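Colleague: Pasting in a structure now, in structure tokens, and then I'll have a few things to ask.
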Amino acid sequence: MSKNWIYGDNVDTDVIIPARYLNTKSEKELALHCMEDIDNTFSKNVQEGDLIIAGNNFGCGSSREHAPLAIKASGIKAVIAKSFARIFYRNAINIGLVIIENDKIQNDIESNDIIEIDLSKGKIFNKTKNKEYGFSAFPSEIQNLINIGGLVEYTKQKVGK
């Protein structure tokens, strides 16, 4: 069963992956330190398919691509936030991390609620509370880019390598 990791507003990239770990190129190593300055239980307990739920301006701060990479490498299925810093938003799409803007779910969710996401329909279902939330679905081209694993994988497929 997946868990929802719930955070507040203005979670910045320095908290997502502290600068002292930016010298590594290993995504697995980044995952080991993801969120450790805001939640020292995260990297020890996060599991494949978990979600991050947050408030406004998630991913603010520096433009480092390490932040969405660390989250994705941790096994997080998607980040749902009231809003995202624009550079984080674009970096997340570039690496194939699912990000969803919704301004209602953070106030309604608990860590063990069962959440399902339908990216193509722009729907989030809280199965535990029998609630549905909408979001602006990505165009099919962007959904394809995310499903492939990001811009690098997409480009490799397009050029045949």
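Quick note on naming: the chains in the structure tokens go A, B, ... in the order shown, residues restart at 1 in each chain, and ligands are numbered from 1 in order of appearance.
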I need the helix (DSSP H, G or I) residues of segment 14-158 of chain A per DSSP on the backbone, written as a PyMOL selection string.
Modeller: chain A and resi 14-16+19-21+27-33+42-45+66-73+86-95+105-108+140-148+151-158
Colleague: Can you spit out the residues from that selection as a PDB file, in the first residue's frame, using C-alpha atoms?
Modeller:
ATOM      1  CA  ASP A  14      17.826  22.751  -1.039  1.00  0.00           C
ATOM      2  CA  VAL A  15      15.486  20.785   1.217  1.00  0.00           C
ATOM      3  CA  ILE A  16      14.567  18.244  -1.465  1.00  0.00           C
ATOM      4  CA  ALA A  19      23.597  21.052  -1.707  1.00  0.00           C
ATOM      5  CA  ARG A  20      26.188  18.904   0.084  1.00  0.00           C
ATOM      6  CA  TYR A  21      25.094  15.955  -2.102  1.00  0.00           C
ATOM      7  CA  GLU A  27      20.458   8.818  -8.819  1.00  0.00           C
ATOM      8  CA  LYS A  28      20.414   6.068  -6.171  1.00  0.00           C
ATOM      9  CA  GLU A  29      22.761   8.129  -3.999  1.00  0.00           C
ATOM     10  CA  LEU A  30      20.565  11.204  -4.455  1.00  0.00           C
ATOM     11  CA  ALA A  31      17.528   9.151  -3.397  1.00  0.00           C
ATOM     12  CA  LEU A  32      19.283   8.178  -0.157  1.00  0.00           C
ATOM     13  CA  HIS A  33      19.395  11.852   0.850  1.00  0.00           C
ATOM     14  CA  PHE A  42      11.613   9.869   4.139  1.00  0.00           C
ATOM     15  CA  SER A  43      14.544   8.075   2.492  1.00  0.00           C
ATOM     16  CA  LYS A  44      14.369   5.179   4.957  1.00  0.00           C
ATOM     17  CA  ASN A  45      10.643   4.600   4.527  1.00  0.00           C
ATOM     18  CA  HIS A  66      18.932  17.038  -8.947  1.00  0.00           C
ATOM     19  CA  ALA A  67      15.728  17.767  -6.980  1.00  0.00           C
ATOM     20  CA  PRO A  68      13.205  16.047  -9.274  1.00  0.00           C
ATOM     21  CA  LEU A  69      15.785  13.326 -10.015  1.00  0.00           C
ATOM     22  CA  ALA A  70      16.121  12.548  -6.298  1.00  0.00           C
ATOM     23  CA  ILE A  71      12.347  12.379  -5.910  1.00  0.00           C
ATOM     24  CA  LYS A  72      11.898  10.131  -8.930  1.00  0.00           C
ATOM     25  CA  ALA A  73      14.787   7.863  -7.907  1.00  0.00           C
ATOM     26  CA  ARG A  86       8.216  26.962 -12.824  1.00  0.00           C
ATOM     27  CA  ILE A  87      11.783  25.702 -13.284  1.00  0.00           C
ATOM     28  CA  PHE A  88      11.087  22.687 -11.052  1.00  0.00           C
ATOM     29  CA  TYR A  89       7.919  22.019 -13.053  1.00  0.00           C
ATOM     30  CA  ARG A  90       9.836  21.963 -16.332  1.00  0.00           C
ATOM     31  CA  ASN A  91      12.721  19.930 -14.911  1.00  0.00           C
ATOM     32  CA  ALA A  92      10.249  17.342 -13.598  1.00  0.00           C
ATOM     33  CA  ILE A  93       8.650  16.923 -17.023  1.00  0.00           C
ATOM     34  CA  ASN A  94      12.101  16.724 -18.643  1.00  0.00           C
ATOM     35  CA  ILE A  95      13.066  13.758 -16.451  1.00  0.00           C
ATOM     36  CA  ILE A 105      -6.260  17.708  -2.113  1.00  0.00           C
ATOM     37  CA  GLN A 106      -3.609  18.813   0.394  1.00  0.00           C
ATOM     38  CA  ASN A 107      -6.302  19.951   2.824  1.00  0.00           C
ATOM     39  CA  ASP A 108      -8.279  16.689   2.513  1.00  0.00           C
ATOM     40  CA  SER A 140      -0.930  13.542 -25.039  1.00  0.00           C
ATOM     41  CA  GLU A 141       2.568  14.494 -26.263  1.00  0.00           C
ATOM     42  CA  ILE A 142       3.650  15.484 -22.749  1.00  0.00           C
ATOM     43  CA  GLN A 143       2.005  12.386 -21.237  1.00  0.00           C
ATOM     44  CA  ASN A 144       3.973  10.296 -23.736  1.00  0.00           C
ATOM     45  CA  LEU A 145       7.200  12.101 -22.789  1.00  0.00           C
ATOM     46  CA  ILE A 146       6.556  11.377 -19.084  1.00  0.00           C
ATOM     47  CA  ASN A 147       5.598   7.733 -19.757  1.00  0.00           C
ATOM     48  CA  ILE A 148       8.780   7.154 -21.786  1.00  0.00           C
ATOM     49  CA  LEU A 151      13.243  14.022 -22.612  1.00  0.00           C
ATOM     50  CA  VAL A 152      16.476  12.021 -22.888  1.00  0.00           C
ATOM     51  CA  GLU A 153      14.639   8.710 -23.365  1.00  0.00           C
ATOM     52  CA  TYR A 154      12.203  10.353 -25.765  1.00  0.00           C
ATOM     53  CA  THR A 155      15.073  11.724 -27.857  1.00  0.00           C
ATOM     54  CA  LYS A 156      16.836   8.331 -27.888  1.00  0.00           C
ATOM     55  CA  GLN A 157      13.684   6.724 -29.264  1.00  0.00           C
ATOM     56  CA  LYS A 158      13.228   9.424 -31.880  1.00  0.00           C
TER      57      LYS A 158
END
Colleague: Kindly give the distance, in Å, that separates atom CA of Ile53 of chain A and atom CA of Phe138 of chain A, rounded to a single decimal.
Modeller: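 Spanning atom CA of Ile53 of chain A to atom CA of Phe138 of chain A is a straight-line distance of 18.6 Å.
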Colleague: Please report the interatomic distance between atom CA of Asp9 of chain A and atom CA of Cys34 of chain A in Å with one decimal.
Modeller: 17.2 Å
Colleague: Using only C-alpha atoms, which residues sit within 8 Å of Thr128 of chain A once same-chain residues fewer than 4 positions away are excluded, as an NGL selection string?
Modeller: :A and (113-115)
Colleague: Would you output that residue set with all heavy atoms, as an mmCIF file, in the first residue's frame?
Modeller:
data_model
loop_
_atom_site.group_PDB
_atom_site.id
_atom_site.type_symbol
_atom_site.label_atom_id
_atom_site.label_comp_id
_atom_site.auth_asym_id
_atom_site.auth_seq_id
_atom_site.Cartn_x
_atom_site.Cartn_y
_atom_site.Cartn_z
ATOM 1 N N ASP A 113 -4.346 7.464 3.092
ATOM 2 C CA ASP A 113 -5.451 7.438 2.135
ATOM 3 C C ASP A 113 -4.977 6.774 0.841
ATOM 4 O O ASP A 113 -3.842 6.974 0.406
ATOM 5 C CB ASP A 113 -5.937 8.853 1.813
ATOM 6 C CG ASP A 113 -6.756 9.482 2.933
ATOM 7 O OD1 ASP A 113 -7.025 8.791 3.937
ATOM 8 O OD2 ASP A 113 -7.120 10.662 2.792
ATOM 9 N N ILE A 114 -5.837 6.010 0.240
ATOM 10 C CA ILE A 114 -5.520 5.338 -1.023
ATOM 11 C C ILE A 114 -5.897 6.276 -2.167
ATOM 12 O O ILE A 114 -7.063 6.648 -2.319
ATOM 13 C CB ILE A 114 -6.253 3.992 -1.130
ATOM 14 C CG1 ILE A 114 -5.802 3.078 0.008
ATOM 15 C CG2 ILE A 114 -6.018 3.356 -2.500
ATOM 16 C CD1 ILE A 114 -6.640 1.830 0.166
ATOM 17 N N ILE A 115 -4.893 6.633 -2.957
ATOM 18 C CA ILE A 115 -5.063 7.604 -4.036
ATOM 19 C C ILE A 115 -4.787 6.936 -5.382
ATOM 20 O O ILE A 115 -3.796 6.221 -5.532
ATOM 21 C CB ILE A 115 -4.091 8.792 -3.854
ATOM 22 C CG1 ILE A 115 -4.255 9.437 -2.487
ATOM 23 C CG2 ILE A 115 -4.244 9.802 -4.985
ATOM 24 C CD1 ILE A 115 -5.616 10.020 -2.205
#
Colleague: Between A:Ser74, A:Pro18, A:Lys3, A:Ile117, single out the one closest to Tyr133 of chain A, counting only C-alpha atoms.
Modeller: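 So, comparing all the options, the nearest one is A:Ile117.
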Colleague: Pull the strand (DSSP E or B) assignments for segment 19-160 of chain A out of DSSP run on the backbone, and list those residues as a PDB file with N, CA, C and O atoms, in the first residue's frame.
Modeller:
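To be explicit, this is the file written out as states38.pdb:
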ATOM      1  N   LEU A  51       3.332   8.824  -2.943  1.00  0.00           N
ATOM      2  CA  LEU A  51       3.072  10.154  -3.474  1.00  0.00           C
ATOM      3  C   LEU A  51       3.601  11.216  -2.527  1.00  0.00           C
ATOM      4  O   LEU A  51       3.623  11.012  -1.314  1.00  0.00           O
ATOM      5  N   ILE A  52       3.999  12.349  -3.084  1.00  0.00           N
ATOM      6  CA  ILE A  52       4.266  13.546  -2.285  1.00  0.00           C
ATOM      7  C   ILE A  52       3.105  14.496  -2.530  1.00  0.00           C
ATOM      8  O   ILE A  52       2.739  14.760  -3.681  1.00  0.00           O
ATOM      9  N   ILE A  53       2.521  14.991  -1.441  1.00  0.00           N
ATOM     10  CA  ILE A  53       1.445  15.966  -1.501  1.00  0.00           C
ATOM     11  C   ILE A  53       1.965  17.224  -0.807  1.00  0.00           C
ATOM     12  O   ILE A  53       2.453  17.156   0.320  1.00  0.00           O
ATOM     13  N   ALA A  54       1.854  18.374  -1.466  1.00  0.00           N
ATOM     14  CA  ALA A  54       2.436  19.586  -0.892  1.00  0.00           C
ATOM     15  C   ALA A  54       1.570  20.805  -1.173  1.00  0.00           C
ATOM     16  O   ALA A  54       0.596  20.738  -1.924  1.00  0.00           O
ATOM     17  N   PHE A  58       6.030  24.430  -4.572  1.00  0.00           N
ATOM     18  CA  PHE A  58       6.904  23.275  -4.386  1.00  0.00           C
ATOM     19  C   PHE A  58       8.048  23.349  -5.386  1.00  0.00           C
ATOM     20  O   PHE A  58       7.848  23.591  -6.568  1.00  0.00           O
ATOM     21  N   CYS A  60      10.706  25.456  -5.174  1.00  0.00           N
ATOM     22  CA  CYS A  60      11.289  26.786  -5.336  1.00  0.00           C
ATOM     23  C   CYS A  60      12.782  26.732  -5.016  1.00  0.00           C
ATOM     24  O   CYS A  60      13.285  25.735  -4.521  1.00  0.00           O
ATOM     25  N   ALA A  78       4.226  10.297  -8.072  1.00  0.00           N
ATOM     26  CA  ALA A  78       3.822  11.628  -8.517  1.00  0.00           C
ATOM     27  C   ALA A  78       3.955  12.601  -7.362  1.00  0.00           C
ATOM     28  O   ALA A  78       3.910  12.208  -6.195  1.00  0.00           O
ATOM     29  N   VAL A  79       4.115  13.872  -7.717  1.00  0.00           N
ATOM     30  CA  VAL A  79       4.058  14.957  -6.747  1.00  0.00           C
ATOM     31  C   VAL A  79       2.815  15.757  -7.077  1.00  0.00           C
ATOM     32  O   VAL A  79       2.631  16.202  -8.212  1.00  0.00           O
ATOM     33  N   ILE A  80       1.946  15.912  -6.090  1.00  0.00           N
ATOM     34  CA  ILE A  80       0.736  16.720  -6.237  1.00  0.00           C
ATOM     35  C   ILE A  80       0.900  17.922  -5.318  1.00  0.00           C
ATOM     36  O   ILE A  80       1.109  17.756  -4.116  1.00  0.00           O
ATOM     37  N   ALA A  81       0.827  19.115  -5.880  1.00  0.00           N
ATOM     38  CA  ALA A  81       1.000  20.320  -5.083  1.00  0.00           C
ATOM     39  C   ALA A  81       0.008  21.384  -5.533  1.00  0.00           C
ATOM     40  O   ALA A  81      -0.518  21.331  -6.647  1.00  0.00           O
ATOM     41  N   PHE A  84       3.710  24.814  -8.304  1.00  0.00           N
ATOM     42  CA  PHE A  84       5.122  24.468  -8.431  1.00  0.00           C
ATOM     43  C   PHE A  84       5.911  25.685  -8.880  1.00  0.00           C
ATOM     44  O   PHE A  84       5.411  26.508  -9.649  1.00  0.00           O
ATOM     45  N   VAL A  98       6.041  12.622 -12.744  1.00  0.00           N
ATOM     46  CA  VAL A  98       4.650  13.082 -12.820  1.00  0.00           C
ATOM     47  C   VAL A  98       4.436  14.170 -11.768  1.00  0.00           C
ATOM     48  O   VAL A  98       4.695  13.957 -10.580  1.00  0.00           O
ATOM     49  N   ILE A  99       3.970  15.314 -12.215  1.00  0.00           N
ATOM     50  CA  ILE A  99       3.641  16.423 -11.322  1.00  0.00           C
ATOM     51  C   ILE A  99       2.245  16.914 -11.660  1.00  0.00           C
ATOM     52  O   ILE A  99       1.868  17.007 -12.823  1.00  0.00           O
ATOM     53  N   ILE A 100       1.491  17.196 -10.622  1.00  0.00           N
ATOM     54  CA  ILE A 100       0.083  17.570 -10.792  1.00  0.00           C
ATOM     55  C   ILE A 100      -0.216  18.765  -9.898  1.00  0.00           C
ATOM     56  O   ILE A 100       0.101  18.743  -8.708  1.00  0.00           O
ATOM     57  N   GLU A 101      -0.839  19.778 -10.483  1.00  0.00           N
ATOM     58  CA  GLU A 101      -1.289  20.908  -9.678  1.00  0.00           C
ATOM     59  C   GLU A 101      -2.752  20.718  -9.305  1.00  0.00           C
ATOM     60  O   GLU A 101      -3.603  20.511 -10.165  1.00  0.00           O
ATOM     61  N   ILE A 115      -4.893   6.633  -2.957  1.00  0.00           N
ATOM     62  CA  ILE A 115      -5.063   7.604  -4.036  1.00  0.00           C
ATOM     63  C   ILE A 115      -4.787   6.936  -5.382  1.00  0.00           C
ATOM     64  O   ILE A 115      -3.796   6.221  -5.532  1.00  0.00           O
ATOM     65  N   GLU A 116      -5.666   7.185  -6.330  1.00  0.00           N
ATOM     66  CA  GLU A 116      -5.454   6.751  -7.715  1.00  0.00           C
ATOM     67  C   GLU A 116      -5.465   7.988  -8.601  1.00  0.00           C
ATOM     68  O   GLU A 116      -6.224   8.926  -8.355  1.00  0.00           O
ATOM     69  N   ILE A 117      -4.631   7.965  -9.625  1.00  0.00           N
ATOM     70  CA  ILE A 117      -4.508   9.097 -10.541  1.00  0.00           C
ATOM     71  C   ILE A 117      -4.779   8.623 -11.957  1.00  0.00           C
ATOM     72  O   ILE A 117      -4.225   7.616 -12.396  1.00  0.00           O
ATOM     73  N   ASP A 118      -5.625   9.346 -12.670  1.00  0.00           N
ATOM     74  CA  ASP A 118      -5.854   9.093 -14.088  1.00  0.00           C
ATOM     75  C   ASP A 118      -5.318  10.305 -14.843  1.00  0.00           C
ATOM     76  O   ASP A 118      -5.980  11.349 -14.931  1.00  0.00           O
ATOM     77  N   LYS A 123      -7.884  13.338 -13.424  1.00  0.00           N
ATOM     78  CA  LYS A 123      -8.657  13.018 -12.217  1.00  0.00           C
ATOM     79  C   LYS A 123      -7.773  12.368 -11.156  1.00  0.00           C
ATOM     80  O   LYS A 123      -6.929  11.534 -11.457  1.00  0.00           O
ATOM     81  N   ILE A 124      -7.994  12.768  -9.917  1.00  0.00           N
ATOM     82  CA  ILE A 124      -7.380  12.138  -8.752  1.00  0.00           C
ATOM     83  C   ILE A 124      -8.526  11.592  -7.923  1.00  0.00           C
ATOM     84  O   ILE A 124      -9.498  12.301  -7.647  1.00  0.00           O
ATOM     85  N   PHE A 125      -8.428  10.328  -7.535  1.00  0.00           N
ATOM     86  CA  PHE A 125      -9.468   9.699  -6.733  1.00  0.00           C
ATOM     87  C   PHE A 125      -8.909   9.341  -5.363  1.00  0.00           C
ATOM     88  O   PHE A 125      -7.921   8.614  -5.266  1.00  0.00           O
ATOM     89  N   ASN A 126      -9.541   9.849  -4.316  1.00  0.00           N
ATOM     90  CA  ASN A 126      -9.215   9.426  -2.964  1.00  0.00           C
ATOM     91  C   ASN A 126     -10.200   8.306  -2.647  1.00  0.00           C
ATOM     92  O   ASN A 126     -11.364   8.549  -2.311  1.00  0.00           O
ATOM     93  N   LYS A 131     -13.612  10.647  -2.626  1.00  0.00           N
ATOM     94  CA  LYS A 131     -13.593  11.997  -3.171  1.00  0.00           C
ATOM     95  C   LYS A 131     -12.823  12.007  -4.481  1.00  0.00           C
ATOM     96  O   LYS A 131     -11.911  11.212  -4.682  1.00  0.00           O
ATOM     97  N   GLU A 132     -13.220  12.935  -5.331  1.00  0.00           N
ATOM     98  CA  GLU A 132     -12.568  13.095  -6.629  1.00  0.00           C
ATOM     99  C   GLU A 132     -12.115  14.541  -6.790  1.00  0.00           C
ATOM    100  O   GLU A 132     -12.831  15.461  -6.404  1.00  0.00           O
ATOM    101  N   TYR A 133     -10.929  14.698  -7.366  1.00  0.00           N
ATOM    102  CA  TYR A 133     -10.356  16.018  -7.608  1.00  0.00           C
ATOM    103  C   TYR A 133      -9.929  16.085  -9.068  1.00  0.00           C
ATOM    104  O   TYR A 133      -9.448  15.108  -9.624  1.00  0.00           O
ATOM    105  N   GLY A 134     -10.083  17.240  -9.651  1.00  0.00           N
ATOM    106  CA  GLY A 134      -9.674  17.412 -11.034  1.00  0.00           C
ATOM    107  C   GLY A 134      -8.370  18.188 -11.147  1.00  0.00           C
ATOM    108  O   GLY A 134      -7.941  18.857 -10.216  1.00  0.00           O
TER     109      GLY A 134
END
Colleague: Point out the residue among A:Asn112, A:Ser2, A:Thr13, A:Ser120 with the least atom-to-atom distance to Ser62 of chain A, counting only C-alpha atoms.
Modeller: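 Looking at the shortest contact to Ser62 of chain A, the residue is A:Thr13.
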